[in-house]
Amino acid sequence: MELTTHHGLRIAVLDAADVASGAALEHTGDADLLRVVDPTAEQYAELIPHGFLFKPRWLFWTRPVYPTLDAYVDTLQPRMGRSTRRAVSRTGSRYRLEVEEAIDPARLDTWFTLYERHILSLPRGTLYAAEDMEWFKTHPEQVVGIYLYSGDRMVAGLVCMKRPRHNMLRMTYYAYDPDHRDHGLARFMYVQAGVVAAELGYEVLSAGADPNFYGHDVATGLYLFKRRLGFRADPLWRYEPDDPPVLEKVLSLDRCEDPSFCVGYGEYDVQRAPLTGHVMSRTPGAATEPFHAPMLASVLPQHLSDR
């Protein structure tokens, strides 16, 4: 057994010997979460009845690219469509948008300073982009920058990657100035990414990959935001290799949002398994309706007692 801590979340990673010994069925110290990576069918059958969820580690968000803003907005729920039109109109009149089809390393540095401020303002923010900065700078022709300015000050920016193999523009990292907290601004940037994708001739827009545990590293609001903007979440392995499934059991929400949320597989065969949503809360019968989405066969509440 390996005990790790990630932003205060205490994770017990169990191996085959731990599962065989019954350790997975016991409370493991002060762990908040139990995890078995790439489990066997036998481990799946043994642990699922005991509250473990079989799930992808990461989710990858995509939507079709539409030729015009109107064509895209018409696919959204009416209320979301109206608010999106307002956000695009209001933000577009207040700020200046600049697009680089091949990213400029100097401007990328300015963006990264903004990204650091953004991430460090979040309760459990992680500087994931730091690992990719060198690659971006050495492959500028494969990276698209979408930046928003107030005068000479960058207030938001999207770094996107070209993925011709999937006919896709992938939004990789988004950052905004913490002094400009405006949900309309984020919506404007996501819409503009679709406009840029259409101009570049792509058929798919990706809203990137998220850890499949909304409520810790990433907020449940991010799941809801992307879903309402018409994106679909699929297991990352359908697009990128090396994303083995896991069996996980959340023991405590002490360091997470209540409710938290994840997407799981409905059966062991991940190639065919329907996707199910799981709303985890200390409140019995927590509301599931906000989390429903077309890619999910069902959304189930899961009651977690206090320690």
# chains A, B, ... in the order shown; residues from 1 in each chain; ligands from 1

$ residues_around --residues "Arg187 (chain A)" --least-positions-apart "3" --cutoff "12 Å" --atoms "only C-alpha atoms" --output "PyMOL selection string"
chain A and resi 73+80-81+83-92+156+158+174+176+181-184+190-194+207+222+225-226+228-230

$ write_last_selection --atoms "N, CA, C and O atoms" --output "tab-separated table (two decimals), in the first residue's frame"
chain	number	residue	atom	x	y	z
A	73	VAL	N	-24.91	28.55	-30.97
A	73	VAL	CA	-25.78	28.94	-29.87
A	73	VAL	C	-27.14	28.27	-29.98
A	73	VAL	O	-27.76	27.92	-28.97
A	80	MET	N	-29.32	29.11	-21.66
A	80	MET	CA	-27.88	29.18	-21.84
A	80	MET	C	-27.54	29.90	-23.14
A	80	MET	O	-26.57	30.67	-23.20
A	81	GLY	N	-28.33	29.68	-24.17
A	81	GLY	CA	-28.09	30.36	-25.43
A	81	GLY	C	-28.23	31.86	-25.30
A	81	GLY	O	-27.39	32.62	-25.81
A	83	SER	N	-27.95	33.73	-22.52
A	83	SER	CA	-26.89	34.30	-21.70
A	83	SER	C	-25.55	34.28	-22.42
A	83	SER	O	-24.72	35.16	-22.23
A	84	THR	N	-25.34	33.27	-23.27
A	84	THR	CA	-24.09	33.21	-24.04
A	84	THR	C	-24.04	34.35	-25.06
A	84	THR	O	-22.99	34.98	-25.24
A	85	ARG	N	-25.14	34.62	-25.73
A	85	ARG	CA	-25.17	35.74	-26.67
A	85	ARG	C	-24.86	37.06	-25.94
A	85	ARG	O	-24.10	37.89	-26.44
A	86	ARG	N	-25.45	37.23	-24.77
A	86	ARG	CA	-25.19	38.46	-24.00
A	86	ARG	C	-23.72	38.56	-23.61
A	86	ARG	O	-23.11	39.63	-23.69
A	87	ALA	N	-23.15	37.43	-23.16
A	87	ALA	CA	-21.75	37.44	-22.74
A	87	ALA	C	-20.83	37.77	-23.90
A	87	ALA	O	-19.87	38.54	-23.75
A	88	VAL	N	-21.11	37.22	-25.08
A	88	VAL	CA	-20.28	37.49	-26.25
A	88	VAL	C	-20.38	38.96	-26.65
A	88	VAL	O	-19.37	39.61	-26.93
A	89	SER	N	-21.60	39.48	-26.64
A	89	SER	CA	-21.78	40.88	-27.03
A	89	SER	C	-21.14	41.83	-26.03
A	89	SER	O	-20.40	42.75	-26.41
A	90	ARG	N	-21.38	41.61	-24.74
A	90	ARG	CA	-20.85	42.52	-23.72
A	90	ARG	C	-19.33	42.47	-23.65
A	90	ARG	O	-18.65	43.50	-23.64
A	91	THR	N	-18.78	41.26	-23.62
A	91	THR	CA	-17.33	41.12	-23.49
A	91	THR	C	-16.61	41.61	-24.74
A	91	THR	O	-15.57	42.27	-24.65
A	92	GLY	N	-17.18	41.30	-25.91
A	92	GLY	CA	-16.56	41.73	-27.15
A	92	GLY	C	-16.48	43.24	-27.28
A	92	GLY	O	-15.58	43.77	-27.94
A	156	ALA	N	-7.11	37.69	-20.01
A	156	ALA	CA	-7.50	36.28	-20.16
A	156	ALA	C	-6.73	35.70	-21.34
A	156	ALA	O	-6.30	36.43	-22.24
A	158	LEU	N	-6.24	31.76	-23.68
A	158	LEU	CA	-6.38	30.33	-23.92
A	158	LEU	C	-5.19	29.86	-24.75
A	158	LEU	O	-4.87	30.47	-25.77
A	174	TYR	N	-6.48	27.47	-19.72
A	174	TYR	CA	-7.18	28.76	-19.69
A	174	TYR	C	-6.72	29.52	-18.45
A	174	TYR	O	-6.55	28.94	-17.38
A	176	TYR	N	-7.23	33.56	-16.41
A	176	TYR	CA	-7.80	34.90	-16.39
A	176	TYR	C	-7.23	35.66	-15.21
A	176	TYR	O	-6.74	35.08	-14.22
A	181	ARG	N	-12.91	38.74	-12.37
A	181	ARG	CA	-13.74	37.54	-12.17
A	181	ARG	C	-15.11	37.79	-12.80
A	181	ARG	O	-15.96	38.48	-12.24
A	182	ASP	N	-15.31	37.25	-13.96
A	182	ASP	CA	-16.53	37.47	-14.72
A	182	ASP	C	-16.82	36.21	-15.52
A	182	ASP	O	-16.07	35.83	-16.41
A	183	HIS	N	-17.92	35.49	-15.17
A	183	HIS	CA	-18.24	34.25	-15.88
A	183	HIS	C	-18.50	34.50	-17.36
A	183	HIS	O	-18.27	33.63	-18.20
A	184	GLY	N	-18.96	35.69	-17.70
A	184	GLY	CA	-19.17	36.01	-19.10
A	184	GLY	C	-17.87	36.04	-19.87
A	184	GLY	O	-17.84	35.68	-21.05
A	190	TYR	N	-14.37	30.67	-24.48
A	190	TYR	CA	-14.72	29.33	-24.99
A	190	TYR	C	-15.42	29.45	-26.35
A	190	TYR	O	-15.17	28.64	-27.25
A	191	VAL	N	-16.29	30.44	-26.49
A	191	VAL	CA	-16.96	30.64	-27.77
A	191	VAL	C	-15.95	31.03	-28.84
A	191	VAL	O	-16.00	30.53	-29.98
A	192	GLN	N	-15.02	31.91	-28.50
A	192	GLN	CA	-14.03	32.35	-29.48
A	192	GLN	C	-13.13	31.20	-29.92
A	192	GLN	O	-12.68	31.16	-31.07
A	193	ALA	N	-12.86	30.27	-29.02
A	193	ALA	CA	-12.08	29.09	-29.42
A	193	ALA	C	-12.80	28.32	-30.52
A	193	ALA	O	-12.17	27.80	-31.45
A	194	GLY	N	-14.12	28.25	-30.43
A	194	GLY	CA	-14.89	27.60	-31.49
A	194	GLY	C	-14.82	28.36	-32.80
A	194	GLY	O	-14.74	27.75	-33.88
A	207	ALA	N	-12.50	20.96	-25.04
A	207	ALA	CA	-12.34	21.81	-23.85
A	207	ALA	C	-11.33	21.20	-22.88
A	207	ALA	O	-11.35	21.49	-21.69
A	222	LEU	N	-16.96	23.47	-12.85
A	222	LEU	CA	-16.32	23.34	-14.16
A	222	LEU	C	-17.03	22.28	-14.99
A	222	LEU	O	-17.24	22.47	-16.20
A	225	PHE	N	-20.26	23.87	-16.14
A	225	PHE	CA	-20.01	24.90	-17.14
A	225	PHE	C	-19.76	24.29	-18.51
A	225	PHE	O	-20.37	24.70	-19.51
A	226	LYS	N	-18.89	23.30	-18.59
A	226	LYS	CA	-18.57	22.69	-19.87
A	226	LYS	C	-19.79	21.95	-20.45
A	226	LYS	O	-20.05	22.01	-21.66
A	228	ARG	N	-22.96	22.63	-19.96
A	228	ARG	CA	-23.96	23.59	-20.42
A	228	ARG	C	-23.55	24.30	-21.70
A	228	ARG	O	-24.40	24.82	-22.44
A	229	LEU	N	-22.24	24.31	-21.98
A	229	LEU	CA	-21.77	24.89	-23.24
A	229	LEU	C	-21.73	23.88	-24.36
A	229	LEU	O	-21.16	24.13	-25.43
A	230	GLY	N	-22.35	22.71	-24.15
A	230	GLY	CA	-22.53	21.75	-25.22
A	230	GLY	C	-21.41	20.76	-25.41
A	230	GLY	O	-21.39	20.03	-26.41

$ select_by_dssp --residues "region 42-173 of chain A" --states "strand (DSSP E)" --output "VMD selection string"
chain A and resid 53 to 55 58 to 64 96 to 100 143 to 150 153 to 163 168 to 173

$ closest_atom_pairs --of "region 1-68 of chain A" --to "region 248-265 of chain A" --cutoff "12 Å" --atoms "only C-alpha atoms" --output "tab-separated table"
residue	atom	partner	partner_atom	distance
A:Thr5	CA	A:Arg255	CA	11.3
A:His6	CA	A:Arg255	CA	10.4
A:His7	CA	A:Arg255	CA	8.7
A:Gly8	CA	A:Arg255	CA	6.8
A:Leu9	CA	A:Arg255	CA	6.2
A:Arg10	CA	A:Arg255	CA	9.0
A:Ile11	CA	A:Val250	CA	9.3
A:Ala12	CA	A:Glu248	CA	9.7
A:Val13	CA	A:Glu248	CA	9.3
A:Leu14	CA	A:Glu248	CA	10.0
A:Ala24	CA	A:Lys249	CA	9.1
A:Leu25	CA	A:Lys249	CA	10.0
A:Glu26	CA	A:Leu251	CA	10.6
A:His27	CA	A:Leu251	CA	8.1
A:Thr28	CA	A:Leu251	CA	9.4
A:Gly29	CA	A:Leu251	CA	10.8
A:Asp30	CA	A:Leu251	CA	9.2
A:Ala31	CA	A:Leu251	CA	7.3
A:Asp32	CA	A:Ser252	CA	4.9
A:Leu33	CA	A:Val250	CA	4.5
A:Leu34	CA	A:Lys249	CA	5.1
A:Arg35	CA	A:Glu248	CA	4.5
A:Val36	CA	A:Glu248	CA	6.5
A:Val37	CA	A:Glu248	CA	8.6
A:Asp38	CA	A:Glu248	CA	10.8
A:Pro39	CA	A:Glu248	CA	10.3
A:Gln43	CA	A:Glu248	CA	11.7
A:Tyr44	CA	A:Glu248	CA	10.5
A:Leu47	CA	A:Lys249	CA	9.2
A:Ile48	CA	A:Lys249	CA	9.3
A:Pro49	CA	A:Lys249	CA	11.1
A:His50	CA	A:Lys249	CA	8.6
A:Gly51	CA	A:Lys249	CA	6.2
A:Phe52	CA	A:Lys249	CA	4.5
A:Leu53	CA	A:Glu248	CA	5.2
A:Phe54	CA	A:Gly264	CA	5.5
A:Lys55	CA	A:Gly264	CA	4.1
A:Pro56	CA	A:Gly264	CA	6.8
A:Arg57	CA	A:Val263	CA	9.4
A:Trp58	CA	A:Val263	CA	9.4
A:Leu59	CA	A:Val263	CA	8.3
A:Phe60	CA	A:Val263	CA	11.5

$ residues_around --residues "Glu203 (chain A)" --least-positions-apart "3" --cutoff "10 Å" --atoms "only C-alpha atoms" --output "ChimeraX atom specification"
/A:63-67,164,166-169,194,197-198,200

$ write_last_selection --atoms "all heavy atoms" --output "tab-separated table (two decimals), in the first residue's frame"
chain	number	residue	atom	x	y	z
A	63	ARG	N	-16.79	18.96	-28.47
A	63	ARG	CA	-18.06	19.30	-29.13
A	63	ARG	C	-17.78	19.52	-30.60
A	63	ARG	O	-16.64	19.81	-31.00
A	63	ARG	CB	-18.72	20.53	-28.52
A	63	ARG	CG	-18.03	21.86	-28.83
A	63	ARG	CD	-18.98	23.01	-28.57
A	63	ARG	NE	-18.40	24.33	-28.70
A	63	ARG	CZ	-18.28	25.01	-29.84
A	63	ARG	NH1	-18.64	24.45	-30.99
A	63	ARG	NH2	-17.77	26.24	-29.84
A	64	PRO	N	-18.81	19.42	-31.45
A	64	PRO	CA	-18.61	19.74	-32.87
A	64	PRO	C	-18.30	21.22	-33.06
A	64	PRO	O	-18.70	22.07	-32.25
A	64	PRO	CB	-19.95	19.37	-33.52
A	64	PRO	CG	-20.64	18.49	-32.54
A	64	PRO	CD	-20.17	18.92	-31.18
A	65	VAL	N	-17.59	21.54	-34.13
A	65	VAL	CA	-17.36	22.93	-34.51
A	65	VAL	C	-18.46	23.35	-35.48
A	65	VAL	O	-18.76	22.64	-36.44
A	65	VAL	CB	-15.98	23.09	-35.18
A	65	VAL	CG1	-15.83	24.47	-35.81
A	65	VAL	CG2	-14.88	22.86	-34.15
A	66	TYR	N	-19.07	24.49	-35.20
A	66	TYR	CA	-20.17	24.99	-36.03
A	66	TYR	C	-19.69	26.15	-36.88
A	66	TYR	O	-18.79	26.90	-36.47
A	66	TYR	CB	-21.34	25.42	-35.13
A	66	TYR	CG	-21.90	24.26	-34.33
A	66	TYR	CD1	-21.43	24.00	-33.04
A	66	TYR	CD2	-22.85	23.41	-34.87
A	66	TYR	CE1	-21.92	22.93	-32.31
A	66	TYR	CE2	-23.34	22.34	-34.15
A	66	TYR	CZ	-22.87	22.11	-32.88
A	66	TYR	OH	-23.35	21.03	-32.15
A	67	PRO	N	-20.26	26.33	-38.06
A	67	PRO	CA	-19.74	27.34	-38.99
A	67	PRO	C	-19.95	28.78	-38.54
A	67	PRO	O	-19.20	29.67	-38.93
A	67	PRO	CB	-20.49	27.06	-40.30
A	67	PRO	CG	-21.74	26.34	-39.86
A	67	PRO	CD	-21.35	25.55	-38.66
A	164	PRO	N	-4.35	17.61	-35.66
A	164	PRO	CA	-4.87	17.24	-36.99
A	164	PRO	C	-5.33	15.79	-37.08
A	164	PRO	O	-6.26	15.48	-37.83
A	164	PRO	CB	-3.67	17.50	-37.91
A	164	PRO	CG	-2.80	18.46	-37.17
A	164	PRO	CD	-2.99	18.14	-35.72
A	166	HIS	N	-7.02	14.10	-35.09
A	166	HIS	CA	-8.42	14.03	-34.68
A	166	HIS	C	-9.25	15.15	-35.30
A	166	HIS	O	-10.41	15.33	-34.94
A	166	HIS	CB	-8.53	14.10	-33.16
A	166	HIS	CG	-7.87	12.96	-32.43
A	166	HIS	ND1	-8.28	11.66	-32.60
A	166	HIS	CD2	-6.84	12.93	-31.56
A	166	HIS	CE1	-7.52	10.87	-31.84
A	166	HIS	NE2	-6.65	11.62	-31.21
A	167	ASN	N	-8.66	15.91	-36.25
A	167	ASN	CA	-9.33	17.06	-36.87
A	167	ASN	C	-9.86	18.00	-35.78
A	167	ASN	O	-11.00	18.45	-35.82
A	167	ASN	CB	-10.46	16.60	-37.78
A	167	ASN	CG	-10.80	17.65	-38.83
A	167	ASN	OD1	-10.15	18.69	-38.92
A	167	ASN	ND2	-11.83	17.39	-39.62
A	168	MET	N	-8.98	18.32	-34.82
A	168	MET	CA	-9.41	18.95	-33.58
A	168	MET	C	-8.50	20.11	-33.19
A	168	MET	O	-7.29	20.06	-33.38
A	168	MET	CB	-9.38	17.89	-32.46
A	168	MET	CG	-9.62	18.41	-31.05
A	168	MET	SD	-9.17	17.15	-29.81
A	168	MET	CE	-10.36	15.87	-30.19
A	169	LEU	N	-9.12	21.15	-32.62
A	169	LEU	CA	-8.39	22.17	-31.87
A	169	LEU	C	-8.68	21.91	-30.40
A	169	LEU	O	-9.84	21.88	-29.98
A	169	LEU	CB	-8.84	23.57	-32.26
A	169	LEU	CG	-8.07	24.71	-31.55
A	169	LEU	CD1	-6.62	24.75	-32.03
A	169	LEU	CD2	-8.75	26.06	-31.80
A	194	GLY	N	-14.12	28.25	-30.43
A	194	GLY	CA	-14.89	27.60	-31.49
A	194	GLY	C	-14.82	28.36	-32.80
A	194	GLY	O	-14.74	27.75	-33.88
A	197	ALA	N	-11.42	27.62	-34.23
A	197	ALA	CA	-11.38	26.25	-34.76
A	197	ALA	C	-12.05	26.19	-36.13
A	197	ALA	O	-11.54	25.52	-37.05
A	197	ALA	CB	-12.07	25.30	-33.78
A	198	ALA	N	-13.17	26.89	-36.30
A	198	ALA	CA	-13.86	26.90	-37.58
A	198	ALA	C	-12.99	27.58	-38.65
A	198	ALA	O	-12.89	27.10	-39.79
A	198	ALA	CB	-15.20	27.61	-37.45
A	200	LEU	N	-9.81	27.70	-38.77
A	200	LEU	CA	-8.68	26.84	-39.10
A	200	LEU	C	-9.09	25.55	-39.81
A	200	LEU	O	-8.24	24.75	-40.18
A	200	LEU	CB	-7.90	26.50	-37.82
A	200	LEU	CG	-7.20	27.68	-37.13
A	200	LEU	CD1	-6.56	27.22	-35.83
A	200	LEU	CD2	-6.15	28.30	-38.05

$ closest_residue --among "A:His180, A:Arg238, A:Arg124, A:Arg82" --to "Leu148 (chain A)" --atoms "only C-alpha atoms"
A:His180

$ residues_around --residues "Arg232 (chain A)" --least-positions-apart "2" --cutoff "7 Å" --atoms "only C-alpha atoms" --output "ChimeraX atom specification"
/A:61-63,227,230,234,295

$ write_last_selection --atoms "all heavy atoms" --output "compact mmCIF listing (two decimals), in the first residue's frame"
# COMPACT_ATOMS: atom_id res chain seq x y z
N TRP A 61 -13.15 16.48 -22.95
CA TRP A 61 -14.35 17.18 -23.37
C TRP A 61 -14.27 17.60 -24.84
O TRP A 61 -13.28 18.20 -25.26
CB TRP A 61 -14.55 18.42 -22.52
CG TRP A 61 -14.86 18.15 -21.09
CD1 TRP A 61 -13.98 17.95 -20.07
CD2 TRP A 61 -16.16 18.07 -20.50
NE1 TRP A 61 -14.65 17.74 -18.89
CE2 TRP A 61 -15.99 17.81 -19.12
CE3 TRP A 61 -17.46 18.19 -21.01
CZ2 TRP A 61 -17.06 17.67 -18.26
CZ3 TRP A 61 -18.52 18.06 -20.14
CH2 TRP A 61 -18.33 17.80 -18.78
N THR A 62 -15.31 17.31 -25.61
CA THR A 62 -15.36 17.70 -27.02
C THR A 62 -16.76 18.16 -27.41
O THR A 62 -17.75 17.80 -26.77
CB THR A 62 -14.96 16.54 -27.95
OG1 THR A 62 -15.88 15.45 -27.76
CG2 THR A 62 -13.54 16.06 -27.68
N ARG A 63 -16.79 18.96 -28.47
CA ARG A 63 -18.06 19.30 -29.13
C ARG A 63 -17.78 19.52 -30.60
O ARG A 63 -16.64 19.81 -31.00
CB ARG A 63 -18.72 20.53 -28.52
CG ARG A 63 -18.03 21.86 -28.83
CD ARG A 63 -18.98 23.01 -28.57
NE ARG A 63 -18.40 24.33 -28.70
CZ ARG A 63 -18.28 25.01 -29.84
NH1 ARG A 63 -18.64 24.45 -30.99
NH2 ARG A 63 -17.77 26.24 -29.84
N ARG A 227 -20.52 21.26 -19.59
CA ARG A 227 -21.70 20.54 -20.08
C ARG A 227 -22.72 21.52 -20.65
O ARG A 227 -23.30 21.28 -21.72
CB ARG A 227 -22.31 19.74 -18.93
CG ARG A 227 -23.58 18.97 -19.33
CD ARG A 227 -24.23 18.31 -18.15
NE ARG A 227 -24.74 19.24 -17.16
CZ ARG A 227 -25.86 19.95 -17.29
NH1 ARG A 227 -26.58 19.88 -18.40
NH2 ARG A 227 -26.25 20.75 -16.33
N GLY A 230 -22.35 22.71 -24.15
CA GLY A 230 -22.53 21.75 -25.22
C GLY A 230 -21.41 20.76 -25.41
O GLY A 230 -21.39 20.03 -26.41
N ASP A 234 -15.84 12.27 -22.35
CA ASP A 234 -15.55 10.86 -22.60
C ASP A 234 -14.26 10.49 -21.88
O ASP A 234 -13.44 11.37 -21.57
CB ASP A 234 -15.37 10.60 -24.10
CG ASP A 234 -16.69 10.65 -24.85
OD1 ASP A 234 -17.57 9.85 -24.53
OD2 ASP A 234 -16.82 11.50 -25.76
N MET A 295 -24.28 12.19 -22.40
CA MET A 295 -23.37 11.04 -22.45
C MET A 295 -23.57 10.08 -21.29
O MET A 295 -22.98 8.99 -21.27
CB MET A 295 -21.91 11.50 -22.52
CG MET A 295 -21.34 12.04 -21.22
SD MET A 295 -21.65 13.81 -21.03
CE MET A 295 -20.83 14.15 -19.47

$ atom_distance --atom1 "CA of Gly157 (chain A)" --atom2 "CA of Leu224 (chain A)"
20.8 Å

$ select_by_dssp --residues "region 137-296 of chain A" --states "helix (DSSP H, G or I)" --output "NGL selection string"
:A and (137-138 or 140-142 or 164-166 or 178-180 or 183-199 or 220-228 or 236-238 or 289-291)

$ atom_distance --atom1 "CA of Tyr214 (chain A)" --atom2 "CA of Met280 (chain A)"
10.0 Å

$ closest_residue --among "A:Cys160, A:Leu296, A:Ala17, A:Leu3" --to "Ser206 (chain A)" --atoms "only C-alpha atoms"
A:Cys160

$ closest_residue --among "A:Pro290, A:Gly221, A:Gly285, A:Gly215" --to "Gln302 (chain A)" --atoms "only C-alpha atoms"
A:Gly285

$ atom_distance --atom1 "CA of Leu108 (chain A)" --atom2 "CA of Met189 (chain A)"
16.7 Å

$ decode --residues "region 137-163 of chain A" --atoms "N, CA and C atoms" --output "mmCIF file, in the first residue's frame"
data_model
loop_
_atom_site.group_PDB
_atom_site.id
_atom_site.type_symbol
_atom_site.label_atom_id
_atom_site.label_comp_id
_atom_site.auth_asym_id
_atom_site.auth_seq_id
_atom_site.Cartn_x
_atom_site.Cartn_y
_atom_site.Cartn_z
ATOM 1 N N LYS A 137 7.088 26.155 -26.487
ATOM 2 C CA LYS A 137 8.042 27.094 -27.072
ATOM 3 C C LYS A 137 8.863 26.457 -28.189
ATOM 4 N N THR A 138 9.052 25.153 -28.130
ATOM 5 C CA THR A 138 9.839 24.487 -29.174
ATOM 6 C C THR A 138 8.971 23.964 -30.314
ATOM 7 N N HIS A 139 7.642 24.055 -30.183
ATOM 8 C CA HIS A 139 6.718 23.645 -31.243
ATOM 9 C C HIS A 139 5.668 24.745 -31.458
ATOM 10 N N PRO A 140 6.092 25.991 -31.682
ATOM 11 C CA PRO A 140 5.134 27.100 -31.740
ATOM 12 C C PRO A 140 4.100 26.945 -32.844
ATOM 13 N N GLU A 141 4.459 26.277 -33.940
ATOM 14 C CA GLU A 141 3.522 26.133 -35.057
ATOM 15 C C GLU A 141 2.371 25.199 -34.722
ATOM 16 N N GLN A 142 2.493 24.434 -33.639
ATOM 17 C CA GLN A 142 1.437 23.506 -33.241
ATOM 18 C C GLN A 142 0.554 24.060 -32.129
ATOM 19 N N VAL A 143 0.805 25.309 -31.758
ATOM 20 C CA VAL A 143 0.105 25.908 -30.615
ATOM 21 C C VAL A 143 -0.556 27.213 -31.048
ATOM 22 N N VAL A 144 -1.808 27.384 -30.657
ATOM 23 C CA VAL A 144 -2.590 28.579 -30.970
ATOM 24 C C VAL A 144 -2.816 29.358 -29.682
ATOM 25 N N GLY A 145 -2.593 30.652 -29.728
ATOM 26 C CA GLY A 145 -2.863 31.510 -28.582
ATOM 27 C C GLY A 145 -4.068 32.397 -28.844
ATOM 28 N N ILE A 146 -4.988 32.448 -27.890
ATOM 29 C CA ILE A 146 -6.170 33.315 -27.977
ATOM 30 C C ILE A 146 -6.143 34.186 -26.727
ATOM 31 N N TYR A 147 -5.960 35.502 -26.917
ATOM 32 C CA TYR A 147 -5.723 36.396 -25.793
ATOM 33 C C TYR A 147 -6.747 37.530 -25.776
ATOM 34 N N LEU A 148 -7.072 37.970 -24.562
ATOM 35 C CA LEU A 148 -8.016 39.061 -24.393
ATOM 36 C C LEU A 148 -7.328 40.170 -23.606
ATOM 37 N N TYR A 149 -7.479 41.402 -24.107
ATOM 38 C CA TYR A 149 -6.782 42.537 -23.516
ATOM 39 C C TYR A 149 -7.753 43.630 -23.084
ATOM 40 N N SER A 150 -7.390 44.274 -21.988
ATOM 41 C CA SER A 150 -7.988 45.542 -21.586
ATOM 42 C C SER A 150 -6.883 46.587 -21.728
ATOM 43 N N GLY A 151 -6.932 47.380 -22.778
ATOM 44 C CA GLY A 151 -5.804 48.245 -23.100
ATOM 45 C C GLY A 151 -4.606 47.379 -23.452
ATOM 46 N N ASP A 152 -3.488 47.609 -22.734
ATOM 47 C CA ASP A 152 -2.283 46.803 -22.970
ATOM 48 C C ASP A 152 -2.160 45.643 -21.990
ATOM 49 N N ARG A 153 -3.152 45.450 -21.152
ATOM 50 C CA ARG A 153 -3.083 44.431 -20.103
ATOM 51 C C ARG A 153 -3.827 43.170 -20.529
ATOM 52 N N MET A 154 -3.137 42.031 -20.508
ATOM 53 C CA MET A 154 -3.777 40.758 -20.800
ATOM 54 C C MET A 154 -4.648 40.355 -19.607
ATOM 55 N N VAL A 155 -5.933 40.116 -19.855
ATOM 56 C CA VAL A 155 -6.850 39.763 -18.768
ATOM 57 C C VAL A 155 -7.338 38.322 -18.869
ATOM 58 N N ALA A 156 -7.115 37.688 -20.013
ATOM 59 C CA ALA A 156 -7.497 36.278 -20.157
ATOM 60 C C ALA A 156 -6.730 35.702 -21.337
ATOM 61 N N GLY A 157 -6.564 34.402 -21.317
ATOM 62 C CA GLY A 157 -5.874 33.765 -22.430
ATOM 63 C C GLY A 157 -6.118 32.276 -22.468
ATOM 64 N N LEU A 158 -6.241 31.759 -23.677
ATOM 65 C CA LEU A 158 -6.375 30.331 -23.923
ATOM 66 C C LEU A 158 -5.186 29.865 -24.748
ATOM 67 N N VAL A 159 -4.535 28.813 -24.282
ATOM 68 C CA VAL A 159 -3.490 28.171 -25.066
ATOM 69 C C VAL A 159 -4.083 26.877 -25.624
ATOM 70 N N CYS A 160 -4.069 26.740 -26.936
ATOM 71 C CA CYS A 160 -4.711 25.607 -27.613
ATOM 72 C C CYS A 160 -3.677 24.841 -28.433
ATOM 73 N N MET A 161 -3.924 23.555 -28.621
ATOM 74 C CA MET A 161 -3.029 22.717 -29.403
ATOM 75 C C MET A 161 -3.758 22.192 -30.632
ATOM 76 N N LYS A 162 -3.061 22.199 -31.756
ATOM 77 C CA LYS A 162 -3.619 21.638 -32.984
ATOM 78 C C LYS A 162 -3.481 20.118 -32.942
ATOM 79 N N ARG A 163 -4.574 19.425 -33.238
ATOM 80 C CA ARG A 163 -4.573 17.974 -33.247
ATOM 81 C C ARG A 163 -5.147 17.479 -34.573
#
